[in-house]
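What follows is the content of model05.csv, which has CSV, C-alpha atoms:
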```csv
chain,number,residue,atom,x,y,z
A,30,MET,CA,82.8,11.6,-25.5
A,31,ASP,CA,82.5,11.4,-29.3
A,32,GLU,CA,80.0,13.8,-30.7
A,33,ILE,CA,76.7,12.2,-32.0
A,34,PRO,CA,75.6,14.1,-35.1
A,35,VAL,CA,71.9,15.1,-35.2
A,36,TYR,CA,70.2,15.8,-38.6
A,37,LEU,CA,67.0,17.7,-38.5
A,38,PHE,CA,64.4,17.3,-41.3
A,39,THR,CA,61.6,19.9,-41.4
A,40,GLY,CA,58.7,20.5,-43.7
A,41,PHE,CA,54.9,20.0,-43.9
A,42,MET,CA,53.4,16.5,-44.1
A,43,ASP,CA,53.9,14.9,-47.5
A,44,SER,CA,56.7,17.3,-48.4
A,45,GLY,CA,59.1,14.4,-48.7
A,46,LYS,CA,60.9,14.2,-45.4
A,47,THR,CA,60.6,10.5,-45.0
A,48,SER,CA,61.6,9.8,-48.6
A,49,LEU,CA,64.7,12.0,-48.1
A,50,ILE,CA,65.7,10.2,-44.9
A,51,LEU,CA,65.3,6.8,-46.5
A,52,GLU,CA,67.3,7.9,-49.6
A,53,THR,CA,70.0,9.3,-47.3
A,54,LEU,CA,70.2,6.1,-45.2
A,55,LEU,CA,69.6,3.5,-47.8
A,56,GLY,CA,70.2,5.0,-51.2
A,57,ASN,CA,73.4,6.9,-50.2
A,58,GLU,CA,74.5,4.3,-47.7
A,59,PHE,CA,74.9,7.1,-45.2
A,60,GLY,CA,73.7,4.8,-42.4
A,61,VAL,CA,76.1,1.9,-43.1
A,62,GLY,CA,78.6,1.3,-40.3
A,63,ALA,CA,76.8,3.3,-37.6
A,64,LYS,CA,74.0,2.8,-35.1
A,65,ASN,CA,71.2,5.0,-36.3
A,66,LEU,CA,68.2,6.4,-34.5
A,67,ILE,CA,65.2,8.0,-36.2
A,68,LEU,CA,62.9,10.2,-34.1
A,69,MET,CA,59.6,10.2,-36.1
A,70,CYS,CA,57.4,13.1,-35.1
A,71,GLU,CA,54.6,12.6,-37.6
A,72,ASP,CA,53.1,9.9,-39.8
A,73,GLY,CA,53.2,10.6,-43.6
A,74,ASP,CA,52.1,8.7,-46.7
A,75,VAL,CA,55.5,7.1,-47.1
A,76,GLU,CA,56.3,4.5,-44.4
A,77,TYR,CA,59.6,3.3,-43.1
A,78,ASP,CA,60.6,-0.3,-44.1
A,79,GLU,CA,61.7,-1.5,-40.7
A,80,GLU,CA,63.2,-4.7,-42.1
A,81,LYS,CA,65.5,-2.7,-44.4
A,82,LEU,CA,66.3,-0.3,-41.6
A,83,LYS,CA,67.4,-3.2,-39.4
A,84,GLU,CA,69.9,-4.2,-42.1
A,85,ILE,CA,71.7,-0.9,-41.4
A,86,ASN,CA,71.2,-1.0,-37.7
A,87,ALA,CA,68.5,1.7,-37.5
A,88,ASP,CA,65.8,2.0,-34.9
A,89,ILE,CA,62.6,4.2,-35.0
A,90,ILE,CA,61.0,6.0,-32.1
A,91,GLN,CA,57.7,7.8,-32.5
A,92,VAL,CA,57.3,11.1,-30.8
A,93,LYS,CA,53.6,11.7,-30.7
A,94,SER,CA,53.3,15.2,-29.4
A,95,PRO,CA,55.4,18.3,-28.6
A,96,GLU,CA,55.0,17.6,-24.9
A,97,ASP,CA,56.9,14.3,-25.5
A,98,PHE,CA,59.9,16.1,-27.1
A,99,THR,CA,61.6,16.6,-23.7
A,100,GLU,CA,65.1,16.4,-22.3
A,101,GLU,CA,64.0,13.5,-20.1
A,102,ASN,CA,62.6,11.4,-23.0
A,103,LEU,CA,65.5,12.2,-25.3
A,104,LYS,CA,67.9,11.0,-22.6
A,105,LEU,CA,65.9,7.8,-22.3
A,106,CYS,CA,66.3,7.3,-26.1
A,107,ASP,CA,70.0,7.9,-25.8
A,108,LEU,CA,70.4,5.4,-22.9
A,109,GLN,CA,68.2,2.7,-24.6
A,110,TYR,CA,69.5,2.8,-28.1
A,111,ARG,CA,73.0,4.4,-27.8
A,112,PRO,CA,72.9,5.9,-31.3
A,113,GLU,CA,75.9,7.1,-33.2
A,114,GLN,CA,73.7,9.2,-35.6
A,115,VAL,CA,70.3,10.7,-35.0
A,116,PHE,CA,67.7,11.7,-37.6
A,117,VAL,CA,64.8,13.9,-36.5
A,118,GLU,CA,61.8,13.9,-38.8
A,119,TYR,CA,60.1,16.9,-37.4
A,120,ASN,CA,56.4,17.6,-37.3
A,121,GLY,CA,55.5,20.5,-39.7
A,122,THR,CA,52.7,21.7,-37.5
A,123,TRP,CA,54.9,22.1,-34.3
A,124,GLU,CA,56.6,25.3,-33.5
A,125,MET,CA,60.3,25.2,-34.2
A,126,SER,CA,60.9,26.4,-30.6
A,127,VAL,CA,60.0,22.9,-29.4
A,128,PHE,CA,63.2,21.7,-31.0
A,129,THR,CA,65.4,24.7,-30.6
A,130,GLU,CA,64.7,25.1,-26.9
A,131,ALA,CA,64.9,21.4,-26.1
A,132,LYS,CA,68.1,20.4,-24.3
A,133,LEU,CA,69.7,17.5,-26.3
A,134,PRO,CA,71.4,14.7,-24.5
A,135,LYS,CA,75.1,15.0,-23.8
A,136,GLY,CA,77.1,14.5,-27.0
A,137,TRP,CA,74.2,15.1,-29.3
A,138,VAL,CA,75.1,18.0,-31.7
A,139,LEU,CA,72.9,19.4,-34.5
A,140,VAL,CA,75.1,19.4,-37.5
A,141,GLN,CA,72.7,20.0,-40.4
A,142,SER,CA,69.1,21.1,-40.9
A,143,LEU,CA,67.3,20.2,-44.1
A,144,ALA,CA,63.9,21.5,-45.1
A,145,THR,CA,61.7,19.8,-47.7
A,146,VAL,CA,59.1,21.7,-49.7
A,147,ASP,CA,56.5,20.4,-52.2
A,148,ALA,CA,56.9,22.9,-55.0
A,149,SER,CA,53.4,22.2,-56.3
A,150,THR,CA,51.7,23.5,-53.0
A,151,PHE,CA,54.3,26.0,-51.8
A,152,GLU,CA,52.5,29.1,-53.0
A,153,VAL,CA,49.2,28.0,-51.6
A,154,TYR,CA,50.8,27.3,-48.2
A,155,MET,CA,52.6,30.6,-48.3
A,156,ALA,CA,49.4,32.5,-49.0
A,157,ASN,CA,47.6,30.8,-46.1
A,158,MET,CA,50.3,29.9,-43.5
A,159,ARG,CA,53.2,32.1,-44.4
A,160,ALA,CA,54.7,32.6,-41.0
A,161,MET,CA,54.5,28.8,-40.2
A,162,ILE,CA,56.2,27.9,-43.5
A,163,LEU,CA,59.0,30.4,-43.2
A,164,GLU,CA,59.7,29.5,-39.6
A,165,GLN,CA,60.7,26.0,-40.8
A,166,LEU,CA,62.9,27.5,-43.5
A,167,PHE,CA,64.5,30.2,-41.3
A,168,GLN,CA,67.3,28.0,-39.9
A,169,ALA,CA,67.6,25.4,-42.6
A,170,ASP,CA,71.1,24.8,-44.1
A,171,VAL,CA,69.5,23.3,-47.2
A,172,VAL,CA,66.1,23.8,-48.7
A,173,ILE,CA,64.9,21.1,-51.1
A,174,PHE,CA,62.1,22.0,-53.5
A,175,ASN,CA,60.8,18.7,-54.8
A,176,ARG,CA,58.2,17.8,-57.5
A,177,CYS,CA,59.4,20.7,-59.6
A,178,THR,CA,58.2,21.2,-63.2
A,179,GLU,CA,59.2,23.4,-66.1
A,180,ASP,CA,56.6,25.9,-64.8
A,181,THR,CA,58.0,26.1,-61.2
A,182,PRO,CA,59.0,29.7,-60.5
A,183,LYS,CA,62.4,28.8,-59.0
A,184,GLY,CA,63.6,32.3,-58.9
A,185,LYS,CA,60.6,33.5,-57.1
A,186,PHE,CA,60.9,30.6,-54.5
A,187,ARG,CA,64.5,31.3,-54.1
A,188,ARG,CA,63.9,35.0,-53.3
A,189,MET,CA,61.2,34.1,-50.8
A,190,VAL,CA,63.6,31.8,-48.9
A,191,LYS,CA,66.7,34.0,-49.2
A,192,ALA,CA,64.7,36.9,-47.8
A,193,VAL,CA,64.6,35.1,-44.4
A,194,ASN,CA,67.6,32.8,-44.7
A,195,ARG,CA,70.6,34.1,-46.6
A,196,LYS,CA,72.8,31.1,-45.9
A,197,ALA,CA,70.4,28.5,-47.2
A,198,GLN,CA,71.5,26.3,-50.1
A,199,MET,CA,68.8,25.7,-52.6
A,200,VAL,CA,68.1,22.4,-54.4
A,201,TYR,CA,65.4,21.8,-57.0
A,202,GLU,CA,64.3,18.2,-57.6
A,203,ARG,CA,62.2,17.3,-60.6
A,204,GLU,CA,59.2,15.0,-60.5
A,205,ASP,CA,61.4,12.1,-61.7
A,206,GLY,CA,63.8,12.6,-58.9
A,207,THR,CA,66.6,14.2,-60.9
A,208,ILE,CA,68.2,17.5,-59.8
A,209,ASP,CA,67.6,20.7,-61.7
A,210,ASN,CA,70.9,22.7,-61.4
A,211,ASN,CA,69.6,25.7,-63.3
A,212,ASP,CA,68.2,28.1,-60.7
A,213,MET,CA,69.2,31.3,-62.4
A,214,GLU,CA,66.4,33.6,-63.4
A,215,GLU,CA,66.2,36.3,-66.0
A,216,LEU,CA,66.6,39.7,-64.4
A,217,PRO,CA,63.9,42.3,-65.0
A,218,TYR,CA,66.5,44.9,-65.8
A,219,ASP,CA,69.3,45.1,-68.3
A,220,ILE,CA,72.5,44.2,-66.4
A,221,ASN,CA,74.6,45.6,-69.2
A,222,SER,CA,72.9,49.0,-69.4
A,223,ASP,CA,74.9,52.1,-68.5
A,224,CYS,CA,72.7,52.7,-65.4
A,225,LEU,CA,70.4,50.1,-63.8
A,226,ASP,CA,67.0,51.6,-63.3
A,227,ILE,CA,65.5,49.7,-60.3
A,228,THR,CA,61.8,49.9,-59.9
A,229,ASP,CA,60.0,49.5,-56.6
A,230,GLU,CA,58.8,46.1,-57.7
A,231,ASP,CA,62.4,44.9,-58.5
A,232,TYR,CA,64.2,46.4,-55.5
A,233,GLY,CA,64.0,43.3,-53.4
A,234,LEU,CA,65.3,41.1,-56.2
A,235,TRP,CA,68.1,43.6,-57.0
A,236,TYR,CA,69.1,43.8,-53.4
A,237,LEU,CA,69.4,40.0,-53.0
A,238,ASP,CA,71.2,39.5,-56.3
A,239,VAL,CA,73.8,42.1,-55.4
A,240,LEU,CA,74.4,40.2,-52.2
A,241,ASP,CA,74.6,36.9,-53.9
A,242,ASN,CA,76.6,38.1,-57.0
A,243,PRO,CA,78.5,41.2,-56.0
A,244,LYS,CA,81.1,40.9,-58.7
A,245,ARG,CA,78.4,41.1,-61.3
A,246,TYR,CA,77.6,44.6,-60.1
A,247,GLU,CA,81.1,46.0,-59.4
A,248,GLY,CA,81.5,49.4,-61.0
A,249,LYS,CA,77.8,49.5,-62.1
A,250,LYS,CA,75.7,52.6,-61.8
A,251,VAL,CA,72.2,52.3,-60.3
A,252,HIS,CA,69.2,54.5,-59.9
A,253,PHE,CA,66.3,53.9,-57.5
A,254,LEU,CA,63.8,55.5,-55.1
A,255,ALA,CA,65.0,55.3,-51.5
A,256,LYS,CA,64.3,56.3,-48.0
A,257,VAL,CA,67.2,57.9,-46.2
A,258,TYR,CA,68.6,56.2,-43.1
A,259,ARG,CA,70.9,58.7,-41.4
A,260,PRO,CA,70.7,58.7,-37.6
A,261,ASP,CA,73.2,60.7,-35.6
A,262,LYS,CA,75.3,57.6,-34.8
A,263,LEU,CA,76.4,57.1,-38.4
A,264,LYS,CA,79.8,58.5,-39.3
A,265,LYS,CA,80.1,61.8,-41.2
A,266,GLY,CA,79.7,61.2,-45.0
A,267,ILE,CA,77.8,58.0,-44.5
A,268,PHE,CA,74.1,57.2,-44.9
A,269,VAL,CA,72.0,54.2,-46.1
A,270,PRO,CA,69.5,54.7,-48.9
A,271,GLY,CA,67.1,51.7,-48.7
A,272,ARG,CA,63.6,50.4,-48.3
A,273,PHE,CA,61.5,48.7,-45.7
A,274,ALA,CA,60.7,45.1,-46.9
A,275,MET,CA,58.2,42.6,-45.6
A,276,THR,CA,59.9,39.2,-45.4
A,277,CYS,CA,57.5,37.0,-43.6
A,278,CYS,CA,54.4,39.0,-42.3
A,279,VAL,CA,53.4,42.4,-41.2
A,280,GLU,CA,55.2,41.8,-37.9
A,281,ASP,CA,58.4,41.0,-39.7
A,282,ILE,CA,59.4,44.2,-41.6
A,283,THR,CA,63.0,45.2,-41.9
A,284,PHE,CA,65.0,48.0,-43.5
A,285,ILE,CA,67.3,46.8,-46.4
A,286,GLY,CA,69.9,48.8,-48.1
A,287,PHE,CA,73.6,49.3,-48.7
A,288,LYS,CA,75.9,51.8,-47.0
A,289,CYS,CA,76.5,54.8,-49.2
A,290,LYS,CA,79.3,57.3,-49.1
A,291,SER,CA,79.0,61.0,-50.1
A,292,GLU,CA,80.2,64.4,-49.1
A,293,LYS,CA,76.6,65.5,-49.4
A,294,ALA,CA,75.3,63.0,-46.8
A,295,GLY,CA,74.9,65.8,-44.3
A,296,GLN,CA,72.4,67.5,-46.6
A,297,LEU,CA,70.0,64.6,-46.4
A,298,GLU,CA,67.3,64.5,-43.7
A,299,HIS,CA,66.8,61.3,-41.8
A,300,LYS,CA,63.7,59.4,-43.1
A,301,SER,CA,63.3,61.6,-46.1
A,302,TRP,CA,62.8,60.3,-49.6
A,303,ILE,CA,65.2,60.7,-52.5
A,304,GLU,CA,65.8,59.4,-56.0
A,305,ILE,CA,69.5,58.4,-55.9
A,306,THR,CA,72.0,57.6,-58.6
A,307,ALA,CA,75.1,55.8,-57.3
A,308,GLN,CA,78.0,53.6,-58.3
A,309,ILE,CA,78.5,50.2,-56.7
A,310,LYS,CA,82.0,49.4,-55.5
A,311,LEU,CA,83.3,46.3,-53.6
A,312,GLU,CA,85.1,47.2,-50.4
A,313,ILE,CA,86.1,45.6,-47.1
A,314,ALA,CA,83.6,46.7,-44.6
A,315,ARG,CA,82.6,45.9,-41.0
A,316,GLU,CA,79.1,44.8,-42.3
A,317,TYR,CA,80.8,42.0,-44.3
A,318,LYS,CA,82.9,40.8,-41.4
A,319,GLY,CA,86.3,41.7,-42.9
A,320,ARG,CA,85.3,40.7,-46.5
A,321,LYS,CA,84.6,42.7,-49.5
A,322,GLY,CA,81.0,43.7,-50.1
A,323,PRO,CA,78.9,46.2,-52.0
A,324,VAL,CA,79.2,49.9,-51.0
A,325,LEU,CA,77.5,52.7,-52.8
A,326,TYR,CA,79.0,56.0,-53.8
A,327,MET,CA,76.4,58.7,-54.5
A,328,LEU,CA,76.7,60.4,-57.9
A,329,ASP,CA,73.5,62.5,-57.8
A,330,TYR,CA,70.2,62.8,-55.9
A,331,LYS,CA,67.0,64.7,-55.9
A,332,PRO,CA,64.2,65.0,-53.3
A,333,ALA,CA,61.2,62.7,-54.0
A,334,LYS,CA,57.8,61.9,-52.7
A,335,ALA,CA,57.0,58.8,-50.7
A,336,PRO,CA,55.4,56.0,-52.9
A,337,GLU,CA,51.8,54.9,-52.3
A,338,ASP,CA,53.1,51.6,-50.9
A,339,GLU,CA,56.3,52.2,-49.0
A,340,LEU,CA,57.1,48.5,-48.6
A,341,VAL,CA,58.9,46.3,-51.0
A,342,TYR,CA,58.5,42.5,-51.3
A,343,PHE,CA,60.5,39.5,-52.3
A,344,SER,CA,57.8,37.5,-54.0
```

Any chance you could put this one into C-alpha cells?
Amino acid sequence: MDEIPVYLFTGFMDSGKTSLILETLLGNEFGVGAKNLILMCEDGDVEYDEEKLKEINADIIQVKSPEDFTEENLKLCDLQYRPEQVFVEYNGTWEMSVFTEAKLPKGWVLVQSLATVDASTFEVYMANMRAMILEQLFQADVVIFNRCTEDTPKGKFRRMVKAVNRKAQMVYEREDGTIDNNDMEELPYDINSDCLDITDEDYGLWYLDVLDNPKRYEGKKVHFLAKVYRPDKLKKGIFVPGRFAMTCCVEDITFIGFKCKSEKAGQLEHKSWIEITAQIKLEIAREYKGRKGPVLYMLDYKPAKAPEDELVYFS
C-alpha cells in the first residue's frame, strides 16, 4: 500500500491555520493531481471555499470534539473518501495527546507538523497559557509567526521556541504576507572580545546560540557562573558546568550545559557553585551522535556563591 501523507496544522484559533492550508492547496497548487481530505477540528474566521476545493478534488470533514477523533472515525473517513493526502486542522484547545495517541488508518503517515502563531498575541498567550502554547510547538517541524511587524521581537520568540524544540524551523511572515528572512538578533555580549563574559540573564541565549552556531564560538574563551554537575558515573576528568533552566513552566525545569574537560575536575564538588573560565572547542562526542559539537576545556575556576535566583530563562 502506498503511504498517505498526513500534514498536521496546529495553533490557536485565528492564528492562520486555515489560511495556510488554503495557500498550500490552492496558491502553491500542492493539492493538484491528488485526492485531498481536510479534517477540520475547529471553526475560525476564515472559511473554506468548498467550490474552489472541489476543483482540486478536496473534501472537508468536521471533527467537532476530541471524543470524535478516534481510530474508528478516522477509518470511516479513509474508507469513504479514499484520500491520497490528509490535512489536519487541529483544535488549539485540545491536548496534543488526542492526536499523538490516536491510531491512524493503515497507510496514513504523519510527514510534517506545522504550527502557526499570531505574533501580535504570542506574548499575551505565553503569559497566561504558556504550557498549552508550548505543547503545540513542541513537536512542530516548522513554526510560522505571522502578522510580524518591525517591532516583533523575533529573537526572543525564537529562543522561546528553541528552548523546547531544537529542531523547529522558524518562519516570520509580515502583515502583507511576505517573508522576513532576517531572524538574527544582536547578541548582548561582544562576540569578538578576548573572553565572553556571560551573565545569568544571557546564559540561556548563549547556550542556544552556541548549539545553533558552533563554528562562531570555536576557540573562544568564555566566563560564567555555573553549578557543577559531577556525579560518580561521569568519567575521570569530566564534569558539566551549567544552569537549571525553565523552558515551559515550573514543572518543566532542565539542566543545560556543555561537557567540560579538566585535570582538576576531581577537585570540584557535585552541585557546588563556581565561576569558570573555559575555552570552547568543537569535537566529535557521543552527545552529538558522532558529529562535532561544543566541548569546554577549563582554564581557571574559583568557588562562588549561589545566585539569588538559581534558574535561567529563555525569554

Quiz item: Can you list, as a VMD selection string, every protein, DNA or RNA residue that comes within 9 Å of Leu55 in chain A when you count only C-alpha atoms, leaving out same-chain residues fewer than 6 positions away?
Solution: chain A and resid 61 81 to 82 85

Exercise. Kindly provide, as number ranges by chain, the polymer residues lying within 8 Å of (75.7, 50.8, -58.6), counting all atoms listed in the file and using the coordinates exactly as they appear in the file.
Key: A: 224-225, 246-252, 306-310, 325-326

Exercise. Would you please work out which residue, of A:Trp302, A:Leu340, A:Leu328, A:Trp137, is nearest to Ala274 in chain A when using only C-alpha atoms?
Key: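 Ranking A:Trp302, A:Leu340, A:Leu328, A:Trp137 by distance to Ala274 in chain A, first place goes to A:Leu340.
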
Quiz item: So what do you get for CA of Lys93 in chain A versus CA of Glu80 in chain A, distance-wise?
Solution: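 Result for CA of Lys93 in chain A versus CA of Glu80 in chain A: 22.2 Å, one decimal.
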
Practice problem: Do a neighbour search on range 190-194 of chain A at 8 Å with all atoms listed in the file, toss out local chain neighbours closer than 3 positions, and write the hits as a PyMOL selection string. | Solution: chain A and resi 163+166-169+186-187+197+237+276-277+343

Exercise. Could you give me, as number ranges by chain, the residues within 12 Å of Gly206 in chain A, counting all atoms listed in the file and dropping anything in the same chain fewer than 6 positions from it?
Key: A: 45, 48-49, 52, 173-178, 200

Go ahead and save the residues from that selection, with C-alpha atoms, as a PDB file, keeping the file's coordinate frame.
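Everything below was put into selection.pdb:
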```
ATOM      1  CA  GLY A  45      59.100  14.400 -48.700  1.00  0.00           C
ATOM      2  CA  SER A  48      61.600   9.800 -48.600  1.00  0.00           C
ATOM      3  CA  LEU A  49      64.700  12.000 -48.100  1.00  0.00           C
ATOM      4  CA  GLU A  52      67.300   7.900 -49.600  1.00  0.00           C
ATOM      5  CA  ILE A 173      64.900  21.100 -51.100  1.00  0.00           C
ATOM      6  CA  PHE A 174      62.100  22.000 -53.500  1.00  0.00           C
ATOM      7  CA  ASN A 175      60.800  18.700 -54.800  1.00  0.00           C
ATOM      8  CA  ARG A 176      58.200  17.800 -57.500  1.00  0.00           C
ATOM      9  CA  CYS A 177      59.400  20.700 -59.600  1.00  0.00           C
ATOM     10  CA  THR A 178      58.200  21.200 -63.200  1.00  0.00           C
ATOM     11  CA  VAL A 200      68.100  22.400 -54.400  1.00  0.00           C
TER      12      VAL A 200
END
```

Self-check item: Pick from A:Val341, A:Leu311, A:Leu37, A:Leu68, whichever lies nearest to Ile282 in chain A using all atoms listed in the file
Solution: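 Of A:Val341, A:Leu311, A:Leu37, A:Leu68, the one nearest Ile282 in chain A is A:Val341, counting all atoms listed in the file.
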
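The shortest atom-to-atom distance to Met199 in chain A, with all atoms listed in the file taken into account, belongs to A:Lys183 out of A:Lys183, A:Arg159, A:Lys104, A:Lys83.
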